[in-house]
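Engineer: What follows is a structure written as structure tokens; I'll ask about it next.
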Amino acid sequence: MSQISETKNEKSSEISRFLSFFKNLGIKIKNGFLKFGNRFKDGSIGTKLSHLIMGSGNLYHKQIAKGLIFLVLQIAFLFIFITSPEVNSTPLGFKSIINFITLGTEEGDIFNPTDNSMLMLLFGVIVFGLIGLFLAAYSSNIKSSYKADLDKRKGKKPTTFKQDIELLLDERFHIAMLTPAIIGILIFTILPTIFMILIAFTNFDSQHPAGQVLFDWVGLKNFADIFSGTGEISVRFGPVLGWTLVWAFFATSTNYIGGILLALLINKKGIKLKKLWRTVFILTIALPQFISLLAMRNLLSEYGPINAMLLELGLTDAPISFLSNAESAWTARITIIVINIWIGVPYTMLMTSGILMNVPTELYEAAQIDGATKKQAFFNITIPYILFVTTPYLITSFIGNITSFNVIYLLTGGGPGVPGYKAGETDLLVTWLYKLTIDESEYNIGSVIAILTFIITASATLISYRRSKSFKEEDAFQ
Amino acid sequence: MISTSAPANKAVESNLVIGKKAKVPKSVKASRRTSLIVSYILLVVLTIIWLYPILWIFLNSIRVEYNSSNQLIGIVVSHYFPKSIGLENFRRLFTETLFPRWFLNTLMVSSVSFVLSTLLTLSVAYVMSKLKFSARKKFLSIAIILGLFPGFMSMIAIYYILKALQLTQTLFALMLVYSAGAGLGFYVAKGFFDIIPNSLLESARLDGATNSQIFAKIILPLSKPIIIYTALLAFIGPWMDFIFARVILGETNRELHTVAVGLYYMIYGERVDSNVFTMFTAGCVVVAIPIVTLFLSMQRYYIEGVTAGAVKG
């Protein structure tokens with residue numbers, strides 16, 4: 001009874017937290033505008049002018065270099081935005097916003113090339129990003145000028161350019177350190193991710209190749225197609241998702257248990273040459289996976305040495321098709337899971353070895369005083385300690401296996417195939433997504449699968465992190 | 001993470017030893033010996049299983065067998081040990097394929113990208129661990145969310161962005177792609193920096209050191225293991241990855257390939273010669289020797305990183 005009311009309380013507090021988030025957001029926005037207005041009223045002429053011409057406030061305060069930087073930024077932005085220069089014969093500027101909405105109108109004929117809907121979509125996203133960055137620069141321009149105003153009022157001199165640079169190396173060192181990383185992440189992670197999410201809402205597929213046939217927004221149609229009962233995504237989504245989860249479960253658990261057992265074996269008291277044994281297994285980690293997996297694939301082929309050995313030993317009458325047996329998908333699936341043990345166990349072993357060495361000795365001492373036997377100490381201290389410490393690892397490794405690509409792609413390529421569909425029997429969501437986009441140009445479906453994969457991994461992470469003890473106590477250790 | 005601080009790896013091999021050595025009865029001694037023997041047998045069997053495929057690659061690379069019409073047999077054969085050996089496969093690899101080119105390409109890409117990504121990773125990790133600023137929490141949660149998106153999801157988009165910048169099918173693009181995401185892989189290094197006591201930094205700050213000086217003069221010298229760990233992974237990455245390289249470089253530009261892509265297409269491309277498997281394995285050996293040597297010599301740092309990273313989550 002009390003438990004039910006507890007969960008209810010938890011839920012209602014979640015909801016109120018959710019609501020207060022929006023309330024706070026509203027207050028923040030309101031305050032933002034108030035601040036904006038106040039600064040305009042209160043600021044010097046330079047600050048007022050900064051609202052129109054960036055950098056004028058800084059120039060007014062004789063912060064020449066800073067002012068010029070802001071001014072150049074504004075001119076460059078407006079120049080690009082208004083003139084909309086063409087890159088790869090697609091405009092980048094205010095026209096991109098129109099194109100972002102229409103995704104191209106020129107069907108193309110002998111004289112005019114077709115509008116490239118894909119580039120239009122991409123440039124639309126880029127221009128929205130540029131506007132965002134420009135607004136950030138705009139706001140910091142006013143802030144900077146207003147700060148100089150305040151400094152002057154207090155009788156201080158406005159900071160010089162040299163001082164600003166020095167600040168970047170100290171108080172504002174985080175800005176200097178993070179900027180390169182953030183630029184990289186913006187261009188190579190965030191921009192592509194947003195772009196691909198948007199593609200899920202278009203009909204960009206093999207029938208609409210970019211630059212040859214226009215494609216357009218289709219709303220939620222691609223998502224609705226999952227339930228339509230026909231077509232690749234609707235028929236194959238369930239089975240692929242099911243296998244992905246089965247794979248992730250077995251790949252994680254076999255590696256985890258195997259790794260711990262192996263670590264216990266190597267670290268067993270009395271075993272000599274521990275380092276040598278460990279090195280044997282580290283070899284697997286050091287060897288690039290494309291080498292070891294492609295070797296496995298050939299070792300297990302019908303004319304390979306393993307089949308020859310099995311034939312010779314009389315264990316089988318005909319060569320076994322380990323990885324491409326079309327009659328029973330489970331032959332390939334089990335083979336993959338077994339090979340994955342070869343790949344993954346050394347990694348868990350290394351990690352667990354490290355943890356075994358770090359079990360706090362006080363625990364053993366206390367157990368010894370209480371008269372515990374070694375066996376008891378092992379099962380009541382060592383094992384629980386390993387489990388406790390590795391819970392976060394278990395979660396990340398489950399997520400990692402959902403999105404693991406190399407093992408499946410290099411071993412079977414998703415095969416054995418399912419007639420009529422691109423997704424084979426051993427395809428995971430990610431290898432399916434790869435096939436659909438890279439090989440088949442079905443970008444929109446691929447993108448839908450990516451979004452669904454993200455939803456699965458994200459919710460799995462959230463749920464498990466919330467429940468795992470070690471996460472709750474994470475701060476306690478810092 | 002008090003319990004897993006870095007120097008602990010140097011600790012005694014096993015803490016499982018409990019208590020002082022008491023007098024052990026003979027029967028216990030005997031059973032302990034059998035259990036040890038069983039353990040050794042198990043270890044030997046496992047070692048054979050783990051080395052079986054690796055040794056096979058090596059044996060194939062030196063296998064030089066001819067068929068009745070005096071042609072080199074390059075396909076997968078059913079016998080494990082070669083009937084005659086030689087270096088013919090390596091000679092062919094270096095003279096008849098673009099392998100030397102691929103090797104240099106990969107070396108170039110990984111040399112540049114490992115410097116860039118190490119710098120990015122360490123700087124983000126330091127900022128996240130030791131500097132307190134308003135957007136810190138936000139950045140952390142955004143990084144976690146971004147990490148959950150499947151990497152290939154953005155691959156196509158990256159391809160088109162590079163194309164718009166007219167950078168596709170260049171090694172420079174590959175360097176950019178490998179280094180650009182490094183800012184998100186800061187967790188392990190952050191976990192390491194978290195262990196460095198804040199009091200150390202505070203006393204330096206009292207002496208008038210700026211944050212940049214603290215980073216260069218205190219943090220970096222203390223962080224040798226994690227610098228090596230980060231650099232090692234970043235350097236090895238391009239030798240191992242073939243997904244991004246494949247999408248960005250394409251199949252047709254053979255002279256631009258990295259070793260992974262080049263060797264993959266050697267046996268699984270659109271136009272493959274089925275008789276090149278031994279040559280492929282020779283390529284694998286040439287790639288594996290430096291990488292494995294590098295890796296094994298840096299083993300200690302790798303283990304430290306893995307342990308810290310896993311526990312940190």
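Here's how to read the names in the structure tokens: chain A, B, ... by the order shown, residue numbers from 1 in each chain, ligand numbers from 1 in the order shown.
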Counting only C-alpha atoms, what are the residues of stretch 134-183 of chain B within 10 Å of stretch 159-182 of chain A, and for each of them which pair of atoms is the nearest and at what distance in Å, to one decimal? Sort the table by chain and rising number, as JSON lines.

Structural biologist:
{"residue": "B:Arg136", "atom": "CA", "partner": "A:His174", "partner_atom": "CA", "distance": 9.5}
{"residue": "B:Phe139", "atom": "CA", "partner": "A:Ile182", "partner_atom": "CA", "distance": 9.8}
{"residue": "B:Ser179", "atom": "CA", "partner": "A:Ala181", "partner_atom": "CA", "distance": 9.3}
{"residue": "B:Ala180", "atom": "CA", "partner": "A:Ala181", "partner_atom": "CA", "distance": 7.1}
{"residue": "B:Gly181", "atom": "CA", "partner": "A:Ala181", "partner_atom": "CA", "distance": 7.9}
{"residue": "B:Ala182", "atom": "CA", "partner": "A:Ala181", "partner_atom": "CA", "distance": 7.5}
{"residue": "B:Gly183", "atom": "CA", "partner": "A:Ala181", "partner_atom": "CA", "distance": 5.0}

Engineer: Can I get the selection written as a short mmCIF file (atom, residue, chain, number, x, y, z; two decimals), in the first residue's frame, with C-alpha atoms?

Structural biologist:
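Produced file result39.cif, reproduced below:
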data_model
loop_
_atom_site.label_atom_id
_atom_site.label_comp_id
_atom_site.auth_asym_id
_atom_site.auth_seq_id
_atom_site.Cartn_x
_atom_site.Cartn_y
_atom_site.Cartn_z
CA ARG B 136 28.63 23.03 -17.24
CA PHE B 139 27.01 20.69 -21.63
CA SER B 179 39.08 14.51 -34.67
CA ALA B 180 35.89 16.56 -34.65
CA GLY B 181 33.90 14.21 -32.48
CA ALA B 182 36.71 13.87 -29.94
CA GLY B 183 35.21 16.58 -27.75
#

Engineer: For atom CA of B:Leu296 and atom CA of B:Ser123, determine how far apart the two atoms are, in Å to one decimal place.

Structural biologist: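 Separating atom CA of B:Leu296 from atom CA of B:Ser123 is a distance of 26.6 Å.
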
Engineer: So which residues touch B:Glu251 within 9 Å, counting only C-alpha atoms, skipping near sequence neighbours fewer than 5 positions away, as a list in words?

Structural biologist: Arg246, His257, Val261, Gly262, Tyr265, Gly269 and Glu270 of chain B

Engineer: Can you measure atom CA of B:Ala164 to atom CA of B:Val177 for me? One decimal in Å is fine.

Structural biologist: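 Calculated distance between atom CA of B:Ala164 and atom CA of B:Val177 is 14.7 Å.
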
Engineer: What is the atom CA of A:Thr202-atom CA of B:Ile243 distance in Å, reported with one decimal?

Structural biologist: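 Separation of atom CA of A:Thr202 and atom CA of B:Ile243: 25.6 Å.
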
Engineer: From the list A:Ala332, A:Ile80, A:Ile194, A:Ile29, which residue is nearest chain B when using only C-alpha atoms?

Structural biologist: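 Under the stated criterion, the closest residue is A:Ile194.
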
Engineer: Just the residues within 12 Å of stretch 61-64 of chain B, please, counting only C-alpha atoms, with nothing from its chain fewer than 5 positions along; format it as an MDAnalysis selection string.

Structural biologist: (chainID A and resid 295) or (chainID B and resid 54:56 70:77 79:93 276:286)

Engineer: I'd like the contact shell of B:Asn253 - 12 Å cut-off, only C-alpha atoms, skipping same-chain residues fewer than 4 positions apart - returned as a ChimeraX atom specification.

Structural biologist: /B:98,101-102,168-171,245-249,257-258,261-262,265

Engineer: Show me, as number ranges by chain, the residues that have an atom within 10 Å of B:Met175 when counting only C-alpha atoms, minus same-chain residues fewer than 3 positions from it.

Structural biologist: B: 106, 108-114, 116-117, 170-172, 178-180, 238, 245

Engineer: Could you tell me which of A:Leu387, A:Gln207, A:Leu323, A:Pro192 comes closest to chain B if we count only C-alpha atoms?

Structural biologist: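 The shortest atom-to-atom distance to chain B comes from A:Pro192.
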
Engineer: Output as a PyMOL selection string all residues of stretch 107-287 of chain B that backbone DSSP marks as alpha helix (DSSP H).

Structural biologist: chain B and resi 107-130+136-148+155-164+171-180+187-195+198-206+211-214+220-222+224-240+243-249+259-268+277-287

Engineer: Those same residues, written as a compact mmCIF listing (two decimals), in the first residue's frame with C-alpha atoms?

Structural biologist:
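Now in result-v1.txt:
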# COMPACT_ATOMS: atom_id res chain seq x y z
CA LEU B 107 49.79 6.81 -41.04
CA MET B 108 49.23 10.39 -42.18
CA VAL B 109 45.59 10.49 -41.11
CA SER B 110 46.21 8.94 -37.75
CA SER B 111 49.26 11.13 -36.99
CA VAL B 112 47.27 14.30 -37.54
CA SER B 113 44.02 13.18 -35.98
CA PHE B 114 45.60 11.76 -32.87
CA VAL B 115 47.25 15.07 -32.03
CA LEU B 116 44.03 17.01 -32.65
CA SER B 117 41.73 14.62 -30.84
CA THR B 118 44.02 14.27 -27.85
CA LEU B 119 44.11 18.05 -27.46
CA LEU B 120 40.32 18.32 -27.80
CA THR B 121 39.55 15.46 -25.45
CA LEU B 122 41.93 16.63 -22.74
CA SER B 123 40.79 20.23 -22.86
CA VAL B 124 37.10 19.32 -22.63
CA ALA B 125 37.81 16.81 -19.86
CA TYR B 126 39.77 19.36 -17.84
CA VAL B 127 37.09 22.02 -18.21
CA MET B 128 34.34 19.58 -17.25
CA SER B 129 36.24 18.24 -14.29
CA LYS B 130 37.90 21.23 -12.72
CA ARG B 136 28.63 23.03 -17.24
CA LYS B 137 25.68 20.81 -16.32
CA LYS B 138 23.96 21.63 -19.60
CA PHE B 139 27.01 20.69 -21.63
CA LEU B 140 27.33 17.41 -19.75
CA SER B 141 23.75 16.35 -20.38
CA ILE B 142 23.87 17.41 -24.04
CA ALA B 143 27.02 15.33 -24.45
CA ILE B 144 25.30 12.29 -22.95
CA ILE B 145 22.25 12.66 -25.19
CA LEU B 146 24.36 13.14 -28.33
CA GLY B 147 26.32 10.04 -27.44
CA LEU B 148 23.15 7.98 -27.69
CA MET B 155 27.32 9.76 -41.42
CA ILE B 156 25.34 10.44 -44.57
CA ALA B 157 24.82 14.01 -43.52
CA ILE B 158 28.52 14.40 -42.80
CA TYR B 159 29.20 13.04 -46.26
CA TYR B 160 27.00 15.73 -47.81
CA ILE B 161 28.36 18.48 -45.61
CA LEU B 162 31.86 17.53 -46.73
CA LYS B 163 30.62 17.45 -50.29
CA ALA B 164 29.17 20.94 -49.92
CA LEU B 171 42.26 12.41 -46.52
CA PHE B 172 41.87 15.84 -44.96
CA ALA B 173 38.14 15.19 -44.62
CA LEU B 174 38.88 11.94 -42.86
CA MET B 175 41.20 13.70 -40.41
CA LEU B 176 38.48 16.24 -39.67
CA VAL B 177 35.84 13.57 -39.11
CA TYR B 178 38.05 11.53 -36.79
CA SER B 179 39.08 14.51 -34.67
CA ALA B 180 35.89 16.56 -34.65
CA TYR B 187 34.46 10.80 -19.88
CA VAL B 188 37.47 8.62 -19.17
CA ALA B 189 39.85 11.56 -18.98
CA LYS B 190 37.37 13.49 -16.85
CA GLY B 191 37.21 10.55 -14.46
CA PHE B 192 40.98 10.71 -14.20
CA PHE B 193 41.07 14.46 -13.59
CA ASP B 194 38.38 14.10 -10.94
CA ILE B 195 40.86 12.15 -8.84
CA ASN B 198 41.16 20.21 -5.82
CA SER B 199 43.27 21.48 -2.94
CA LEU B 200 46.29 21.26 -5.21
CA LEU B 201 44.68 23.62 -7.69
CA GLU B 202 43.42 25.96 -5.00
CA SER B 203 46.84 26.44 -3.49
CA ALA B 204 48.22 27.18 -6.94
CA ARG B 205 45.42 29.67 -7.45
CA LEU B 206 46.32 31.37 -4.17
CA ASN B 211 43.60 28.51 -14.99
CA SER B 212 45.67 28.04 -18.13
CA GLN B 213 48.88 27.85 -16.10
CA ILE B 214 47.27 25.33 -13.76
CA LEU B 220 49.25 17.90 -17.61
CA PRO B 221 52.40 16.70 -15.83
CA LEU B 222 50.23 14.63 -13.49
CA LYS B 224 50.77 11.11 -18.24
CA PRO B 225 48.76 7.87 -18.08
CA ILE B 226 45.55 9.41 -19.34
CA ILE B 227 47.33 11.41 -22.04
CA ILE B 228 48.93 8.22 -23.30
CA TYR B 229 45.62 6.35 -23.09
CA THR B 230 43.77 9.03 -25.05
CA ALA B 231 46.53 9.39 -27.62
CA LEU B 232 46.87 5.64 -28.04
CA LEU B 233 43.18 5.16 -28.80
CA ALA B 234 43.11 8.16 -31.11
CA PHE B 235 46.15 6.93 -32.99
CA ILE B 236 44.86 3.41 -33.39
CA GLY B 237 41.33 4.50 -34.37
CA PRO B 238 42.04 5.23 -38.05
CA TRP B 239 43.80 1.85 -38.40
CA MET B 240 40.72 0.07 -37.11
CA ILE B 243 32.95 2.41 -41.75
CA PHE B 244 33.52 6.16 -41.89
CA ALA B 245 36.51 5.78 -44.15
CA ARG B 246 34.47 3.65 -46.51
CA VAL B 247 31.59 6.12 -46.78
CA ILE B 248 33.81 9.17 -47.13
CA LEU B 249 36.42 7.77 -49.48
CA VAL B 259 44.47 0.11 -44.84
CA ALA B 260 41.16 -1.09 -43.43
CA VAL B 261 39.14 0.03 -46.44
CA GLY B 262 41.72 -1.10 -48.95
CA LEU B 263 42.10 -4.55 -47.44
CA TYR B 264 38.32 -4.96 -47.07
CA TYR B 265 37.74 -4.20 -50.73
CA MET B 266 40.56 -6.53 -51.66
CA ILE B 267 38.37 -9.47 -50.67
CA TYR B 268 34.80 -8.12 -50.52
CA PHE B 277 43.21 -14.20 -49.61
CA THR B 278 46.83 -14.95 -48.70
CA MET B 279 47.81 -11.51 -49.91
CA PHE B 280 45.04 -10.02 -47.78
CA THR B 281 46.41 -11.82 -44.73
CA ALA B 282 49.91 -10.55 -45.56
CA GLY B 283 48.44 -7.04 -45.46
CA CYS B 284 46.79 -7.82 -42.14
CA VAL B 285 50.11 -8.93 -40.69
CA VAL B 286 51.86 -5.77 -41.86
CA VAL B 287 49.14 -3.66 -40.24

Engineer: Might you pull out every residue within 12 Å of A:Ile408, with only C-alpha atoms counted and same-chain residues fewer than 2 positions away left off, and present them as a count of residues only?

Structural biologist: 43

Engineer: Using DSSP on the backbone coordinates, identify the residues of stretch 33-227 of chain A assigned to strand (DSSP E); present them as an MDAnalysis selection string.

Structural biologist: chainID A and resid 86:87 90:91

Engineer: Kindly save the residues from that selection, with C-alpha atoms included, as a short mmCIF file (atom, residue, chain, number, x, y, z; two decimals), in the first residue's frame.

Structural biologist:
data_model
loop_
_atom_site.label_atom_id
_atom_site.label_comp_id
_atom_site.auth_asym_id
_atom_site.auth_seq_id
_atom_site.Cartn_x
_atom_site.Cartn_y
_atom_site.Cartn_z
CA GLU A 86 25.29 30.02 -54.35
CA VAL A 87 27.25 27.02 -53.11
CA THR A 90 22.08 26.20 -54.22
CA PRO A 91 21.71 29.56 -52.46
#
